[in-house]
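Structure file input.tsv; described as TSV, C-alpha atoms.
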chain	number	residue	atom	x	y	z
A	1288	MET	CA	0.00	0.00	0.00
A	1289	SER	CA	2.40	2.71	1.10
A	1290	THR	CA	5.52	1.08	-0.33
A	1291	GLU	CA	5.72	3.77	-3.04
A	1292	LEU	CA	6.09	6.63	-0.54
A	1293	PRO	CA	9.56	8.19	-0.44
A	1294	TRP	CA	11.71	7.08	2.50
A	1295	ARG	CA	11.75	10.57	3.96
A	1296	THR	CA	7.95	10.55	4.30
A	1297	VAL	CA	7.91	7.04	5.74
A	1298	ARG	CA	10.70	7.91	8.18
A	1299	ALA	CA	8.90	11.03	9.41
A	1300	SER	CA	5.70	9.07	9.96
A	1301	VAL	CA	7.47	6.24	11.81
A	1302	LEU	CA	9.32	8.76	13.98
A	1303	ARG	CA	6.09	10.56	14.87
A	1304	THR	CA	4.41	7.29	15.83
A	1305	GLY	CA	7.35	6.05	17.89
A	1306	LEU	CA	7.84	9.32	19.73
A	1307	GLY	CA	4.10	9.70	20.32
A	1308	VAL	CA	3.90	6.26	21.90
A	1309	GLY	CA	7.04	7.10	23.91
A	1310	VAL	CA	5.56	10.28	25.36
A	1311	ALA	CA	2.33	8.54	26.39
A	1312	SER	CA	4.29	5.75	28.10
A	1313	GLY	CA	6.61	8.20	29.82
A	1314	ALA	CA	3.63	9.97	31.31
A	1315	TYR	CA	2.37	6.63	32.50
A	1316	ALA	CA	5.70	5.86	34.18
A	1317	LEU	CA	4.99	8.65	36.66
A	1318	SER	CA	2.49	6.32	38.25
A	1319	ILE	CA	4.84	3.32	38.45
A	1320	GLY	CA	7.34	5.61	40.20
A	1321	ALA	CA	4.76	6.86	42.68
A	1322	LEU	CA	3.28	3.39	43.24
A	1323	GLY	CA	6.70	1.82	43.79
A	1324	VAL	CA	7.60	4.21	46.59
A	1325	ALA	CA	4.11	3.89	48.07
A	1326	ALA	CA	4.52	0.09	48.11
A	1327	GLY	CA	7.61	0.42	50.30
A	1328	LEU	CA	10.37	0.22	47.71
A	1329	SER	CA	13.19	2.75	47.97
A	1330	ILE	CA	13.57	5.33	45.22
A	1331	VAL	CA	16.63	3.44	43.91
A	1332	GLN	CA	14.74	0.13	43.89
A	1333	THR	CA	11.80	1.72	42.09
A	1334	CYS	CA	14.12	3.15	39.44
A	1335	ALA	CA	16.04	-0.14	39.20
A	1336	LEU	CA	12.75	-1.86	38.37
A	1337	SER	CA	12.17	0.48	35.44
A	1338	VAL	CA	15.73	0.28	34.10
A	1339	LEU	CA	16.26	-3.46	34.57
A	1340	VAL	CA	12.81	-4.99	34.24
A	1341	PHE	CA	11.52	-2.44	31.71
A	1342	THR	CA	8.21	-4.02	30.87
A	1343	GLY	CA	5.29	-2.10	32.31
A	1344	GLY	CA	2.85	-4.93	32.97
A	1345	SER	CA	5.42	-6.88	34.99
A	1346	GLN	CA	6.40	-3.82	37.00
A	1347	PHE	CA	2.80	-3.01	37.90
A	1348	ALA	CA	2.31	-6.67	38.91
A	1349	PHE	CA	5.41	-6.70	41.12
A	1350	VAL	CA	4.58	-3.42	42.82
A	1351	GLY	CA	0.94	-4.46	43.19
A	1352	VAL	CA	1.82	-7.68	45.03
A	1353	VAL	CA	4.30	-5.91	47.33
A	1354	ALA	CA	1.86	-3.07	48.02
A	1355	GLY	CA	-0.81	-5.61	48.91
A	1356	GLY	CA	1.48	-7.07	51.57
A	1357	GLY	CA	2.40	-10.11	49.48
A	1358	SER	CA	5.84	-11.65	49.40
A	1359	PRO	CA	8.25	-9.92	47.00
A	1360	LEU	CA	9.13	-13.35	45.65
A	1361	SER	CA	5.55	-14.07	44.62
A	1362	GLY	CA	5.56	-10.57	43.10
A	1363	ALA	CA	8.62	-11.60	41.12
A	1364	ALA	CA	6.92	-14.82	40.01
A	1365	SER	CA	3.84	-13.08	38.61
A	1366	ALA	CA	6.00	-10.36	37.03
A	1367	ILE	CA	8.11	-12.95	35.22
A	1368	LEU	CA	5.02	-14.85	34.09
A	1369	LEU	CA	3.71	-11.62	32.59
A	1370	GLY	CA	7.01	-11.09	30.80
A	1371	ALA	CA	6.56	-14.31	28.83
A	1372	ARG	CA	4.78	-12.51	26.01
A	1373	ASN	CA	7.91	-10.48	25.30
A	1374	GLY	CA	9.57	-13.78	24.38
A	1375	LEU	CA	6.89	-14.42	21.79
A	1376	TYR	CA	7.39	-10.88	20.44
A	1377	GLY	CA	11.11	-11.65	20.13
A	1378	VAL	CA	10.50	-14.77	18.05
A	1379	ARG	CA	8.36	-12.72	15.66
A	1380	LEU	CA	10.92	-9.88	15.52
A	1381	VAL	CA	13.96	-12.07	14.71
A	1382	PRO	CA	13.58	-12.01	10.90
A	1383	LEU	CA	12.72	-8.29	10.87
A	1384	LEU	CA	15.48	-7.02	13.15
A	1385	GLY	CA	18.30	-9.35	12.12
A	1386	VAL	CA	20.33	-8.37	15.19
A	1387	ARG	CA	23.37	-10.22	16.56
A	1388	GLY	CA	25.92	-9.80	19.31
A	1389	GLY	CA	25.72	-6.65	21.40
A	1390	ARG	CA	22.84	-5.21	19.40
A	1391	ARG	CA	20.79	-8.30	20.14
A	1392	LEU	CA	21.43	-7.84	23.86
A	1393	VAL	CA	20.19	-4.23	23.66
A	1394	ALA	CA	17.26	-5.12	21.40
A	1395	ALA	CA	16.18	-7.77	23.92
A	1396	GLN	CA	15.72	-5.22	26.68
A	1397	LEU	CA	13.68	-3.01	24.31
A	1398	THR	CA	11.36	-5.87	23.22
A	1399	ILE	CA	8.04	-4.82	24.78
A	1400	ASP	CA	4.40	-4.35	23.72
A	1401	GLU	CA	4.84	-0.90	22.21
A	1402	SER	CA	8.11	-1.34	20.29
A	1403	THR	CA	6.82	-4.62	18.85
A	1404	ALA	CA	3.50	-3.04	17.91
A	1405	VAL	CA	5.11	-0.11	16.08
A	1406	ALA	CA	7.68	-2.37	14.38
A	1407	LEU	CA	5.11	-4.86	13.11
A	1408	ALA	CA	2.69	-2.12	12.10
A	1409	ASN	CA	5.36	-0.58	9.86
A	1410	GLU	CA	7.18	-3.60	8.48
A	1411	ASP	CA	5.03	-3.82	5.35
A	1412	ARG	CA	6.31	-0.36	4.39
A	1413	GLY	CA	9.69	-2.04	4.16
A	1414	ARG	CA	12.14	-3.69	6.50
A	1415	ARG	CA	13.86	-0.39	7.24
A	1416	ALA	CA	10.59	1.16	8.39
A	1417	GLY	CA	9.88	-1.78	10.68
A	1418	GLN	CA	13.37	-1.66	12.17
A	1419	LEU	CA	13.20	2.10	12.65
A	1420	GLY	CA	9.82	1.70	14.35
A	1421	PHE	CA	11.28	-0.81	16.80
A	1422	TRP	CA	14.37	1.19	17.72
A	1423	VAL	CA	12.75	4.63	17.89
A	1424	THR	CA	9.84	3.42	19.97
A	1425	GLY	CA	12.00	1.24	22.21
A	1426	LEU	CA	14.62	3.91	22.87
A	1427	ALA	CA	12.11	6.76	23.29
A	1428	ILE	CA	10.14	4.71	25.80
A	1429	PHE	CA	13.30	3.55	27.61
A	1430	LEU	CA	14.39	7.16	28.08
A	1431	LEU	CA	10.99	8.60	29.00
A	1432	TRP	CA	9.86	5.57	31.02
A	1433	ASN	CA	12.89	5.86	33.28
A	1434	LEU	CA	12.67	9.64	33.51
A	1435	GLY	CA	8.97	9.33	34.36
A	1436	THR	CA	9.70	6.70	37.01
A	1437	LEU	CA	12.33	8.87	38.68
A	1438	VAL	CA	10.05	11.91	38.76
A	1439	GLY	CA	7.13	9.81	39.98
A	1440	ALA	CA	9.26	8.26	42.74
A	1441	LEU	CA	10.53	11.66	43.87
A	1442	VAL	CA	7.24	13.50	43.74
A	1443	GLY	CA	5.16	10.54	44.88
A	1444	SER	CA	1.42	10.77	44.98
A	1445	ALA	CA	1.53	14.52	44.22
A	1446	VAL	CA	1.66	13.70	40.48
A	1447	GLY	CA	-1.92	12.50	40.68
A	1448	ASP	CA	-3.48	9.58	38.89
A	1449	PRO	CA	-2.55	9.22	35.20
A	1450	ARG	CA	-6.11	8.06	34.62
A	1451	ASP	CA	-7.26	11.62	35.39
A	1452	TYR	CA	-5.52	12.60	32.17
A	1453	GLY	CA	-7.11	9.71	30.30
A	1454	LEU	CA	-3.69	8.16	29.70
A	1455	ASP	CA	-5.07	4.66	30.24
A	1456	ALA	CA	-7.18	5.15	27.10
A	1457	ALA	CA	-4.20	6.43	25.09
A	1458	ALA	CA	-2.42	3.06	24.84
A	1459	PRO	CA	-5.34	1.00	23.48
A	1460	ALA	CA	-6.17	3.87	21.09
A	1461	ALA	CA	-2.57	3.82	19.84
A	1462	PHE	CA	-2.77	0.07	19.24
A	1463	LEU	CA	-6.02	0.50	17.27
A	1464	ALA	CA	-4.48	3.30	15.19
A	1465	LEU	CA	-1.60	0.95	14.38
A	1466	LEU	CA	-4.03	-1.85	13.60
A	1467	ALA	CA	-6.31	0.11	11.24
A	1468	PRO	CA	-4.08	0.19	8.11
A	1469	ARG	CA	-3.59	-3.57	8.33
A	1470	MET	CA	-7.29	-4.40	8.10
A	1471	ARG	CA	-7.23	-5.20	4.39
A	1472	GLY	CA	-9.36	-8.30	4.04
A	1473	ARG	CA	-11.66	-10.76	5.67
A	1474	THR	CA	-8.79	-12.85	7.04
A	1475	GLU	CA	-7.39	-9.86	8.96
A	1476	TRP	CA	-10.81	-8.89	10.32
A	1477	THR	CA	-11.45	-12.47	11.44
A	1478	ALA	CA	-8.06	-12.71	13.14
A	1479	ALA	CA	-8.40	-9.33	14.86
A	1480	LEU	CA	-11.96	-9.80	16.10
A	1481	LEU	CA	-11.35	-13.37	17.23
A	1482	ALA	CA	-8.11	-12.41	19.01
A	1483	ALA	CA	-9.81	-9.52	20.78
A	1484	ALA	CA	-12.72	-11.75	21.83
A	1485	VAL	CA	-10.43	-14.55	23.04
A	1486	ALA	CA	-8.30	-12.08	25.01
A	1487	ILE	CA	-11.39	-10.57	26.68
A	1488	VAL	CA	-12.75	-13.99	27.61
A	1489	ALA	CA	-9.33	-14.94	29.00
A	1490	VAL	CA	-9.02	-11.86	31.25
A	1491	PRO	CA	-10.90	-13.26	34.28
A	1492	LEU	CA	-9.57	-16.79	33.72
A	1493	VAL	CA	-5.78	-16.41	33.58
A	1494	PRO	CA	-3.26	-14.14	35.35
A	1495	ALA	CA	-2.98	-10.60	33.97
A	1496	GLY	CA	-0.68	-10.36	30.98
A	1497	LEU	CA	-1.43	-13.86	29.73
A	1498	PRO	CA	-4.64	-13.04	27.78
A	1499	VAL	CA	-2.48	-11.64	24.96
A	1500	LEU	CA	-0.51	-14.89	24.83
A	1501	VAL	CA	-3.75	-16.89	24.75
A	1502	ALA	CA	-4.99	-14.67	21.88
A	1503	ALA	CA	-1.79	-15.42	19.97
A	1504	THR	CA	-3.14	-18.93	19.43
A	1505	VAL	CA	-5.89	-17.47	17.19
A	1506	PRO	CA	-3.74	-17.19	14.03
A	1507	VAL	CA	-2.27	-20.63	14.74
A	1508	VAL	CA	-5.72	-22.20	14.89
A	1509	MET	CA	-6.90	-20.24	11.82
A	1510	VAL	CA	-3.93	-21.37	9.73
A	1511	LEU	CA	-4.15	-24.99	10.85
A	1512	ARG	CA	-7.88	-25.12	10.06
A	1513	HIS	CA	-7.36	-23.78	6.55
A	1514	ARG	CA	-4.10	-25.46	5.64
A	1515	GLU	CA	-5.80	-27.67	3.05
A	1516	GLN	CA	-6.99	-24.63	1.13
A	1517	PRO	CA	-4.70	-22.67	-1.18
A	1518	TYR	CA	-3.44	-19.57	0.54
A	1519	VAL	CA	-4.53	-16.27	-1.01
A	1520	GLU	CA	-2.05	-13.46	-0.55
A	1521	ASP	CA	-3.45	-10.11	0.62
A	1522	SER	CA	-2.24	-8.42	-2.53
A	1523	GLU	CA	-4.11	-10.86	-4.75
A	1524	ARG	CA	-7.47	-10.24	-3.16
B	360	MET	CA	8.24	-8.90	56.74
B	361	THR	CA	9.87	-7.28	53.81
B	362	ASP	CA	13.43	-6.25	54.47
B	363	ASP	CA	15.58	-4.36	52.06
B	364	ALA	CA	17.69	-7.34	51.00
B	365	THR	CA	14.61	-9.43	50.18
B	366	LEU	CA	13.22	-6.58	48.09
B	367	TRP	CA	16.49	-6.19	46.22
B	368	PHE	CA	16.66	-9.92	45.61
B	369	ALA	CA	13.11	-9.91	44.23
B	370	VAL	CA	13.77	-6.85	42.05
B	371	LEU	CA	16.89	-8.44	40.55
B	372	LEU	CA	15.18	-11.80	40.13
B	373	THR	CA	12.33	-10.11	38.26
B	374	ALA	CA	14.83	-8.26	36.08
B	375	ALA	CA	16.78	-11.42	35.27
B	376	GLY	CA	13.63	-13.40	34.51
B	377	CYS	CA	12.06	-10.73	32.33
B	378	TYR	CA	15.29	-10.06	30.43
B	379	GLY	CA	15.93	-13.76	29.99
B	380	LEU	CA	12.51	-14.25	28.39
B	381	LYS	CA	13.04	-11.29	26.06
B	382	LEU	CA	16.45	-12.57	24.99
B	383	LEU	CA	15.21	-16.13	24.57
B	384	GLY	CA	12.74	-14.91	21.95
B	385	LEU	CA	15.40	-13.00	20.01
B	386	LEU	CA	17.69	-16.06	20.07
B	387	ALA	CA	15.15	-18.11	18.12
B	388	PRO	CA	16.43	-19.09	14.66
B	389	ALA	CA	15.02	-16.88	11.90
B	390	ARG	CA	14.18	-20.06	9.98
B	391	LEU	CA	11.61	-20.90	12.64
B	392	LEU	CA	9.08	-18.74	10.80
B	393	GLU	CA	10.14	-19.81	7.28
B	394	HIS	CA	7.98	-22.91	7.15
B	395	PRO	CA	4.91	-22.00	5.03
B	396	LEU	CA	2.47	-22.65	7.88
B	397	ALA	CA	4.58	-20.68	10.37
B	398	ALA	CA	4.91	-17.84	7.84
B	399	ARG	CA	1.13	-17.63	7.53
B	400	VAL	CA	0.77	-17.57	11.30
B	401	SER	CA	3.36	-14.83	11.59
B	402	ASP	CA	1.57	-12.82	8.86
B	403	LEU	CA	-1.57	-12.80	10.99
B	404	LEU	CA	0.20	-12.43	14.33
B	405	PRO	CA	0.60	-8.61	14.31
B	406	VAL	CA	-3.11	-8.07	13.67
B	407	SER	CA	-4.03	-10.55	16.39
B	408	LEU	CA	-1.59	-9.12	18.93
B	409	LEU	CA	-2.59	-5.50	18.30
B	410	ALA	CA	-6.29	-6.33	18.56
B	411	ALA	CA	-5.77	-8.38	21.73
B	412	LEU	CA	-3.64	-5.67	23.36
B	413	ALA	CA	-6.18	-2.99	22.50
B	414	ALA	CA	-9.06	-5.10	23.82
B	415	VAL	CA	-7.30	-6.03	27.06
B	416	GLN	CA	-6.16	-2.48	27.76
B	417	THR	CA	-9.66	-1.14	27.10
B	418	PHE	CA	-11.58	-3.57	29.31
B	419	ALA	CA	-9.20	-5.21	31.80
B	420	THR	CA	-8.24	-3.96	35.23
B	421	GLY	CA	-6.03	-6.71	36.60
B	422	THR	CA	-8.03	-9.88	36.06
B	423	GLU	CA	-11.40	-8.09	36.08
B	424	LEU	CA	-13.40	-6.84	33.13
B	425	VAL	CA	-14.45	-3.25	33.70
B	426	VAL	CA	-16.39	-0.79	31.56
B	427	ASP	CA	-15.18	2.70	32.43
B	428	ALA	CA	-14.10	5.97	30.83
B	429	ARG	CA	-11.52	4.09	28.76
B	430	VAL	CA	-14.31	2.66	26.62
B	431	ALA	CA	-15.50	6.18	25.77
B	432	GLY	CA	-11.93	7.24	24.98
B	433	VAL	CA	-11.30	4.26	22.72
B	434	GLY	CA	-14.72	4.74	21.08
B	435	ALA	CA	-13.79	8.33	20.27
B	436	ALA	CA	-10.46	7.08	18.92
B	437	LEU	CA	-12.30	4.68	16.59
B	438	VAL	CA	-14.31	7.62	15.22
B	439	ALA	CA	-11.07	9.55	14.70
B	440	ILE	CA	-9.53	6.54	12.93
B	441	ALA	CA	-12.60	6.24	10.68
B	442	LEU	CA	-12.18	9.94	9.82
B	443	ARG	CA	-8.54	9.17	8.91
B	444	ALA	CA	-7.12	11.40	11.64
B	445	PRO	CA	-3.33	11.25	12.08
B	446	PHE	CA	-1.88	8.93	14.74
B	447	LEU	CA	-1.20	11.55	17.40
B	448	VAL	CA	-4.69	13.03	17.00
B	449	VAL	CA	-6.21	9.58	17.53
B	450	VAL	CA	-4.22	9.10	20.74
B	451	GLY	CA	-4.98	12.65	21.94
B	452	VAL	CA	-8.70	12.31	21.27
B	453	ALA	CA	-8.78	9.10	23.30
B	454	ALA	CA	-7.01	10.63	26.30
B	455	LEU	CA	-9.05	13.83	26.19
B	456	THR	CA	-12.37	11.99	25.92
B	457	ALA	CA	-11.54	9.61	28.77
B	458	SER	CA	-10.40	12.46	31.03
B	459	LEU	CA	-13.52	14.51	30.24
B	460	VAL	CA	-15.79	11.54	30.97
B	461	ARG	CA	-14.02	11.04	34.33
B	462	LEU	CA	-14.33	14.73	35.10
B	463	VAL	CA	-18.07	14.76	34.37
B	464	ALA	CA	-18.75	11.39	36.02
B	465	GLY	CA	-17.02	12.62	39.08
Would you give me this structure, written as structure tokens?
Amino acid sequence: MSTELPWRTVRASVLRTGLGVGVASGAYALSIGALGVAAGLSIVQTCALSVLVFTGGSQFAFVGVVAGGGSPLSGAASAILLGARNGLYGVRLVPLLGVRGGRRLVAAQLTIDESTAVALANEDRGRRAGQLGFWVTGLAIFLLWNLGTLVGALVGSAVGDPRDYGLDAAAPAAFLALLAPRMRGRTEWTAALLAAAVAIVAVPLVPAGLPVLVAATVPVVMVLRHREQPYVEDSER
Amino acid sequence: MTDDATLWFAVLLTAAGCYGLKLLGLLAPARLLEHPLAARVSDLLPVSLLAALAAVQTFATGTELVVDARVAGVGAALVAIALRAPFLVVVGVAALTASLVRLVAG
């Protein structure tokens, strides 16, 4: 679709998306900073969580368990469980990123919901666009997420609730905006609607963070059910 | 009882576990997705993941399903997307709508 656009236009659009997602996440990090200190972690521990763990869902889970008086080790267990989906993202990103050595070690830390979403949403504009989406989004979030955490930890509850600014609606809206250009045919609509439905049904049934992994089985089931039929490429429809 | 050393141990354990899982994914051989069936799955995976993430972040609070101001924000975002608004406008409309709904609802 947009493969004919000049690289400069594509680059500007990918940069805008990545930075936009970064700013929204950074604002959200204020709350993980404030919540960490409120849960009894020191400011250094709260910041260490953001630098070293760097995957929002897991951090909220860890802090939530500790704040609720639970054992930090059970907090760690649920946080790590939540982090499993980043492994799946990595598998999908391998052919796009083509990273080795030191770059792979850095890319691993940046493999999270948002960087994966922006990378995959842009990869059909070319491999370069997908890679740029991953790195820009990952690095922008890493910077702003950690800055936000530090400010949140220092200022504490004075920053207020990010939900007051509607920031909890910003992330799903961003994912839908990234999804929209990919909805080209019936197969995509089926996959998206089924995945959303499966994820919603899974929310009360499995620990937080796992519904997305459960929904990832939707394309597997769809492909296995239709493997006898000839595959029709999107572009041929 | 949560002493400082226990907290540090748990923080570092979480970090090691989360990083290990991320790295494990990136260490997968690229050929893993070259099989025709796997390639078809990976073609549909982005759409599925984006839709699932959007759905979960709109309706889930922990392991509960909740309908709150987020739904209004995301609904407004869908209208903006249908009107072909740029990315940042879509995100801004969602945040603004959700915050206004919270303000009005109290």
Output as CSV one row per residue of segment 1340-1426 of chain A within 7 Å of segment 380-398 of chain B: the closest atom pair and its distance in Å to one decimal place, counting only C-alpha atoms, sorted by chain and residue number ascending.
residue,atom,partner,partner_atom,distance
A:Gly1370,CA,B:Leu380,CA,6.8
A:Ala1371,CA,B:Leu380,CA,6.0
A:Asn1373,CA,B:Lys381,CA,5.2
A:Gly1374,CA,B:Gly384,CA,4.2
A:Leu1375,CA,B:Gly384,CA,5.9
A:Tyr1376,CA,B:Gly384,CA,6.9
A:Gly1377,CA,B:Gly384,CA,4.1
A:Val1378,CA,B:Gly384,CA,4.5
A:Val1381,CA,B:Leu385,CA,5.6
A:Pro1382,CA,B:Ala389,CA,5.2
A:Leu1392,CA,B:Leu382,CA,7.0
A:Ala1395,CA,B:Leu382,CA,4.9
A:Gln1396,CA,B:Lys381,CA,6.7
A:Thr1398,CA,B:Lys381,CA,6.3
Expressed in Å, the length from atom CA of Leu1426 of chain A to atom CA of Gly1389 of chain A is 15.4 Å
Need to verify the contact set: Leu1384 of chain A, 10 Å, only C-alpha atoms, exclusion of same-chain residues closer than 5 positions in sequence. Can you return it as a PyMOL selection string?
(chain A and resi 1377+1379+1390-1391+1394+1406+1414-1415+1417-1419+1421-1422) or (chain B and resi 385+389)
Quote the spacing between atom CA of Val1338 of chain A and atom CA of Phe1429 of chain A in Å to one decimal place.
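Computing it gives 7.7 Å between the two atoms.
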How many Å lie between atom CA of Leu1500 of chain A and atom CA of Arg1372 of chain A, rounded to one decimal?
5.9 Å
Residue nearest Glu423 of chain B - candidates A:Gly1435, A:Gly1443, A:Pro1498, A:Gly1413, atoms counted: all atoms listed in the file
A:Pro1498
